Amino acid sequence: MANGEDLVDTLRRFNLFADLDRAELEAIADPDSERSFAAGERIMRRGMSGSSFYVVLEGEAMVALDDEELNRLRPGDFFGEISTLLDEPLTADITAQTPMRVLEIPGPRLEAFLLSYPKVMLRMLVTEARRLQEVLAWRS
Amino acid sequence: MAVVEEVSPPGEYPVVVVGSGPGGLQTAYALARLGIPHAVVSQDDSPGGMFRKWPIYQRLLSWTKPDAPHERTSRAYEWYDHNSLIADEPELRATVAEEMDRSFMVPSRPEMERGLAAFAERGGVRVRYGCRWESTRREEDGYVLVTSDGEYRCKAVVLAVGVTEPWKSPIPGIEEVPHYAETPLAREFQGKSVLIIGKRNSGFELADGLEPWARQIFLVSPRSVQTRILASSTVRVRYYEPLEDASWGGGTFALDAAVERIERTESGGFRLHAQGTTRPGPITLEADAAIAATGFRTPLQDLQDLGLATVADGRIPALTPYWESTTLPGIYFAGNVMQGAAGLRKHGVGSASGTVSGFRYNARLMARHIAQSLGHPQELRQLERKDIVPFLLSELRSGSEIWTQKSYLTRAVYPDGTTGILPLAHFLDHCEEGSLGVTIEMNAEGAIYPVAYVRGRGGIDERELPPHPLHDYGGEEYSRALQELLV
């Protein structure tokens, strides 16, 4: 995203927030919740507790376990919900591959956030269901 | 004929510091202590220019406790004085505490300004005043800063220019609304109704100041005030009265609504159209006066044209854990803009980098980091093996760096027995295997406790140690836990 584009305009393009109206998006799009990372900087570290939920706004990140790449994260993707919702340490490392901007919802606030926006929660659930389906298809 | 030495004339330096507020002074002092040649320039004409203007109606927010369990001249006293800059020499410490007249726990603006001036004078921090940074060029081996006095070539730049440029959110009609920075004396609002756009610190600071004067106050912004987070934050004093007034259903309202547009009324007032957020539905408000308390941005001049990445609508530079631009190597930031490096934010708890209490430590570490990157290796203190655990325990009890910058800074001991302080993120990602780091942390419930980190082969071993009601981490339990991790 170029500097100057409204955070609301960025969020409204993402599947996760597709059901929200402008006022709801403005309430979520807190510029002070934006975090940035340099290329190569780690966003999440395996074994660490107390982390947050993130939505990628700009850039690309790699999910890895013992230096083995598992996945790539791009704008609109989200991560950190599993360790936050289960209150367990992170199970993988996530490293920025390019300069990145993400939107952060701190772990202790995720539950209230999802309850305030059930449509976001539903879209999140659909994404989780797809991920589970992929894993099951791969195993069978 | 006497020759008057010119302070920091234009020319070539390893480092140039821009700014003479607390961030600039602290960085310049630290660079001088490390023996790194540098220039310091400032557009102001004396130290601490910001405190001659803001906060508009009030004192500072952060505490300085003139008497505390430790002597003012000691390092441990820093924890009780969140406004003075830090120094190795006792006579340079607690310069704000000396100025406090004890009518309040937080300094007035003149008290703060005098404390900073005393630090600059006694610390020999020499600044070229009245010299304005105007533009920037990138060259093969560094940068050229073009100033009102001429050009400065350098390898590293430290911008300590504050977050001081008024910023308005892009709402149709907002150009008609004066910014916080233009707010006149409170008495001019006597008997008037006032719309304040923004429900953060500056919005509530104005509301608090206007409570004794205005007839009615409406604070409007999309997000609700996080009273639970505020409860454990220094800034809560700004919110008390307006929120109490709001809770009585009286003269003040704090509304959660996204503002759609603002227009002038026939009578010279303002009309605001908004959509409710926490309670959906249209809202229309009319008032005699309006103020945009929508915040400030860092004066970045032309750095974004050179590729400087930013966050928060372009208001804050995106920074690494050592406060360097994520996209322009060699461009560093000091002062409250250091909040652009968020740190790990464990349990949602942020760093103290937005206030003097936190960024004074950052500036010292950043100066060391810059010195190293310029090829001046920095010596670390060496500990005997038997002293490591007692030393770490004493740092956990009274190390003001880790107490102030909770879960941002860590006290580390490396496998060779040397010790230093560094950003936790950097420790976790770059330190040698077998290094041990300790931090003080806080969880979402406000409990404070020590955490130890060991870098092992498979990753990081994170151990939370139990809290102690007197924060006395010297007992057998703590000693044993750290001893085990040292093996």
# chains A, B, ... in the order shown; residues from 1 in each chain; ligands from 1

$ interface_residues --of "chain A" --to "chain B" --cutoff "7 Å" --atoms "only C-alpha atoms" --output "PDB file with C-alpha atoms, in the first residue's frame"
ATOM      1  CA  ASN A   3       1.662   5.910   1.908  1.00  0.00           C
ATOM      2  CA  GLY A   4      -1.465   7.970   2.002  1.00  0.00           C
ATOM      3  CA  ALA A  23     -18.440   3.121  10.288  1.00  0.00           C
ATOM      4  CA  GLU A  24     -17.527  -0.375  11.490  1.00  0.00           C
ATOM      5  CA  GLU A  26     -13.388   3.039  10.849  1.00  0.00           C
ATOM      6  CA  ALA A  27     -13.782   1.664  14.335  1.00  0.00           C
ATOM      7  CA  PRO A  31      -3.800   3.781  12.793  1.00  0.00           C
ATOM      8  CA  ASP A  32      -2.110   3.297  16.162  1.00  0.00           C
ATOM      9  CA  GLU A  34      -0.426  -0.598  12.752  1.00  0.00           C
ATOM     10  CA  ARG A  35       2.912  -2.329  13.222  1.00  0.00           C
ATOM     11  CA  SER A  36       5.802  -2.391  10.798  1.00  0.00           C
ATOM     12  CA  PHE A  37       8.671  -4.774  10.207  1.00  0.00           C
ATOM     13  CA  ALA A  38      11.845  -4.607   8.137  1.00  0.00           C
ATOM     14  CA  ARG A  46       8.163 -20.129  18.282  1.00  0.00           C
ATOM     15  CA  GLY A  47       7.910 -20.811  22.003  1.00  0.00           C
ATOM     16  CA  MET A  48       6.887 -17.279  22.977  1.00  0.00           C
ATOM     17  CA  GLY A  50       1.490 -13.421  25.073  1.00  0.00           C
ATOM     18  CA  SER A  51       1.335 -12.696  21.349  1.00  0.00           C
ATOM     19  CA  PRO A  99       9.116  -4.484   4.541  1.00  0.00           C
ATOM     20  CA  PRO A 106      -3.594  -7.610  21.079  1.00  0.00           C
ATOM     21  CA  GLY A 107      -4.281 -11.126  22.357  1.00  0.00           C
ATOM     22  CA  PRO A 108      -6.231 -10.027  25.438  1.00  0.00           C
TER      23      PRO A 108
END

$ select_by_dssp --residues "region 74-105 of chain A" --states "strand (DSSP E)" --output "PDB file with C-alpha atoms, in the first residue's frame"
ATOM      1  CA  PHE A  78      -4.219 -13.212   9.164  1.00  0.00           C
ATOM      2  CA  PHE A  79      -2.218 -15.098  11.777  1.00  0.00           C
ATOM      3  CA  ASP A  93       8.274 -18.633  13.402  1.00  0.00           C
ATOM      4  CA  ILE A  94       6.964 -15.880  11.158  1.00  0.00           C
ATOM      5  CA  THR A  95       9.488 -13.641   9.435  1.00  0.00           C
ATOM      6  CA  ALA A  96       8.934 -10.630   7.195  1.00  0.00           C
ATOM      7  CA  MET A 100       5.733  -5.194   6.100  1.00  0.00           C
ATOM      8  CA  ARG A 101       2.791  -3.442   7.672  1.00  0.00           C
ATOM      9  CA  VAL A 102       0.284  -5.344   9.762  1.00  0.00           C
ATOM     10  CA  LEU A 103      -2.764  -4.478  11.834  1.00  0.00           C
ATOM     11  CA  GLU A 104      -2.481  -5.752  15.387  1.00  0.00           C
ATOM     12  CA  ILE A 105      -5.237  -6.788  17.753  1.00  0.00           C
TER      13      ILE A 105
END

$ select_by_dssp --residues "region 268-478 of chain B" --states "helix (DSSP H, G or I)" --output "JSON, numbers by chain"
{"B": [336, 337, 338, 339, 340, 346, 347, 348, 356, 357, 358, 359, 360, 361, 362, 363, 364, 365, 366, 367, 368, 369, 370, 371, 372, 373, 385, 386, 387, 388, 389, 390, 391, 392, 393, 394, 395, 396, 397, 398, 400, 401, 402, 403, 404, 424, 425, 426, 427, 428, 429, 430, 476, 477, 478]}

$ atom_distance --atom1 "CA of His70 (chain B)" --atom2 "CA of Ser394 (chain B)"
14.1 Å

$ residues_around --residues "region 249-255 of chain B" --least-positions-apart "4" --cutoff "6 Å" --atoms "only C-alpha atoms" --output "ChimeraX atom specification"
/B:216-220,245

$ write_last_selection --atoms "N, CA and C atoms" --output "PDB file, in the first residue's frame"
ATOM      1  N   GLN B 216     -20.999  23.054  27.200  1.00  0.00           N
ATOM      2  CA  GLN B 216     -21.193  21.653  26.863  1.00  0.00           C
ATOM      3  C   GLN B 216     -20.037  21.202  25.965  1.00  0.00           C
ATOM      4  N   ILE B 217     -19.624  19.939  26.149  1.00  0.00           N
ATOM      5  CA  ILE B 217     -18.496  19.412  25.370  1.00  0.00           C
ATOM      6  C   ILE B 217     -18.911  18.087  24.744  1.00  0.00           C
ATOM      7  N   PHE B 218     -18.670  17.948  23.428  1.00  0.00           N
ATOM      8  CA  PHE B 218     -18.884  16.663  22.753  1.00  0.00           C
ATOM      9  C   PHE B 218     -17.541  16.162  22.237  1.00  0.00           C
ATOM     10  N   LEU B 219     -17.126  14.997  22.696  1.00  0.00           N
ATOM     11  CA  LEU B 219     -15.927  14.366  22.134  1.00  0.00           C
ATOM     12  C   LEU B 219     -16.398  13.272  21.183  1.00  0.00           C
ATOM     13  N   VAL B 220     -15.889  13.285  19.949  1.00  0.00           N
ATOM     14  CA  VAL B 220     -16.365  12.323  18.945  1.00  0.00           C
ATOM     15  C   VAL B 220     -15.203  11.660  18.222  1.00  0.00           C
ATOM     16  N   ASP B 245     -18.016  13.521  34.174  1.00  0.00           N
ATOM     17  CA  ASP B 245     -19.093  14.398  33.728  1.00  0.00           C
ATOM     18  C   ASP B 245     -20.001  13.631  32.761  1.00  0.00           C
TER      19      ASP B 245
END

$ closest_residue --among "A:Leu7, A:Ala18, A:Val135, A:Ala92" --to "Leu65 (chain A)" --atoms "only C-alpha atoms"
A:Ala92

$ atom_distance --atom1 "CA of Arg457 (chain B)" --atom2 "CA of Glu433 (chain B)"
6.6 Å

$ residues_around --residues "Glu60 (chain A)" --least-positions-apart "3" --cutoff "8 Å" --atoms "only C-alpha atoms" --output "ChimeraX atom specification"
/A:56,72-75,96-100

$ write_last_selection --atoms "N, CA and C atoms" --output "PDB file, in the first residue's frame"
ATOM      1  N   VAL A  56      -2.263  -9.000   7.727  1.00  0.00           N
ATOM      2  CA  VAL A  56      -1.236  -8.418   6.855  1.00  0.00           C
ATOM      3  C   VAL A  56      -1.865  -7.297   6.023  1.00  0.00           C
ATOM      4  N   ARG A  72       3.276 -18.973   3.070  1.00  0.00           N
ATOM      5  CA  ARG A  72       3.537 -17.540   2.856  1.00  0.00           C
ATOM      6  C   ARG A  72       2.290 -16.755   3.238  1.00  0.00           C
ATOM      7  N   LEU A  73       2.486 -15.587   3.792  1.00  0.00           N
ATOM      8  CA  LEU A  73       1.353 -14.748   4.171  1.00  0.00           C
ATOM      9  C   LEU A  73       1.407 -13.446   3.379  1.00  0.00           C
ATOM     10  N   ARG A  74       0.256 -13.073   2.825  1.00  0.00           N
ATOM     11  CA  ARG A  74       0.195 -11.886   1.964  1.00  0.00           C
ATOM     12  C   ARG A  74      -0.952 -10.988   2.408  1.00  0.00           C
ATOM     13  N   PRO A  75      -1.054  -9.791   1.830  1.00  0.00           N
ATOM     14  CA  PRO A  75      -2.104  -8.865   2.276  1.00  0.00           C
ATOM     15  C   PRO A  75      -3.480  -9.530   2.341  1.00  0.00           C
ATOM     16  N   ALA A  96       9.243 -11.508   8.327  1.00  0.00           N
ATOM     17  CA  ALA A  96       8.934 -10.630   7.195  1.00  0.00           C
ATOM     18  C   ALA A  96       9.936 -10.882   6.075  1.00  0.00           C
ATOM     19  N   GLN A  97       9.450 -11.042   4.849  1.00  0.00           N
ATOM     20  CA  GLN A  97      10.326 -11.252   3.694  1.00  0.00           C
ATOM     21  C   GLN A  97      10.558  -9.944   2.937  1.00  0.00           C
ATOM     22  N   THR A  98       9.672  -9.000   3.161  1.00  0.00           N
ATOM     23  CA  THR A  98       9.780  -7.664   2.563  1.00  0.00           C
ATOM     24  C   THR A  98       9.449  -6.698   3.692  1.00  0.00           C
ATOM     25  N   PRO A  99       9.651  -5.393   3.513  1.00  0.00           N
ATOM     26  CA  PRO A  99       9.116  -4.484   4.541  1.00  0.00           C
ATOM     27  C   PRO A  99       7.617  -4.736   4.663  1.00  0.00           C
ATOM     28  N   MET A 100       7.138  -4.822   5.902  1.00  0.00           N
ATOM     29  CA  MET A 100       5.733  -5.194   6.100  1.00  0.00           C
ATOM     30  C   MET A 100       4.989  -4.215   6.983  1.00  0.00           C
TER      31      MET A 100
END

$ residues_around --residues "Trp167 (chain B)" --least-positions-apart "2" --cutoff "9 Å" --atoms "only C-alpha atoms" --output "list in words"
Thr164, Glu165, Ser169, His179, Ala292, Ala293, Thr294, Gly295, Phe296, Arg297 and Arg315 of chain B

$ write_last_selection --atoms "C-alpha atoms" --output "compact mmCIF listing (two decimals), in the first residue's frame"
# COMPACT_ATOMS: atom_id res chain seq x y z
CA THR B 164 5.08 17.84 16.45
CA GLU B 165 3.50 18.66 13.08
CA SER B 169 -7.75 13.10 9.70
CA HIS B 179 -6.27 22.03 15.14
CA ALA B 292 -9.56 18.81 15.70
CA ALA B 293 -7.67 16.85 18.35
CA THR B 294 -6.61 14.36 15.71
CA GLY B 295 -2.94 14.18 16.61
CA PHE B 296 0.44 15.05 15.22
CA ARG B 297 2.92 13.65 12.75
CA ARG B 315 2.60 10.01 10.73

$ atom_distance --atom1 "CA of His468 (chain B)" --atom2 "CA of Tyr361 (chain B)"
25.3 Å
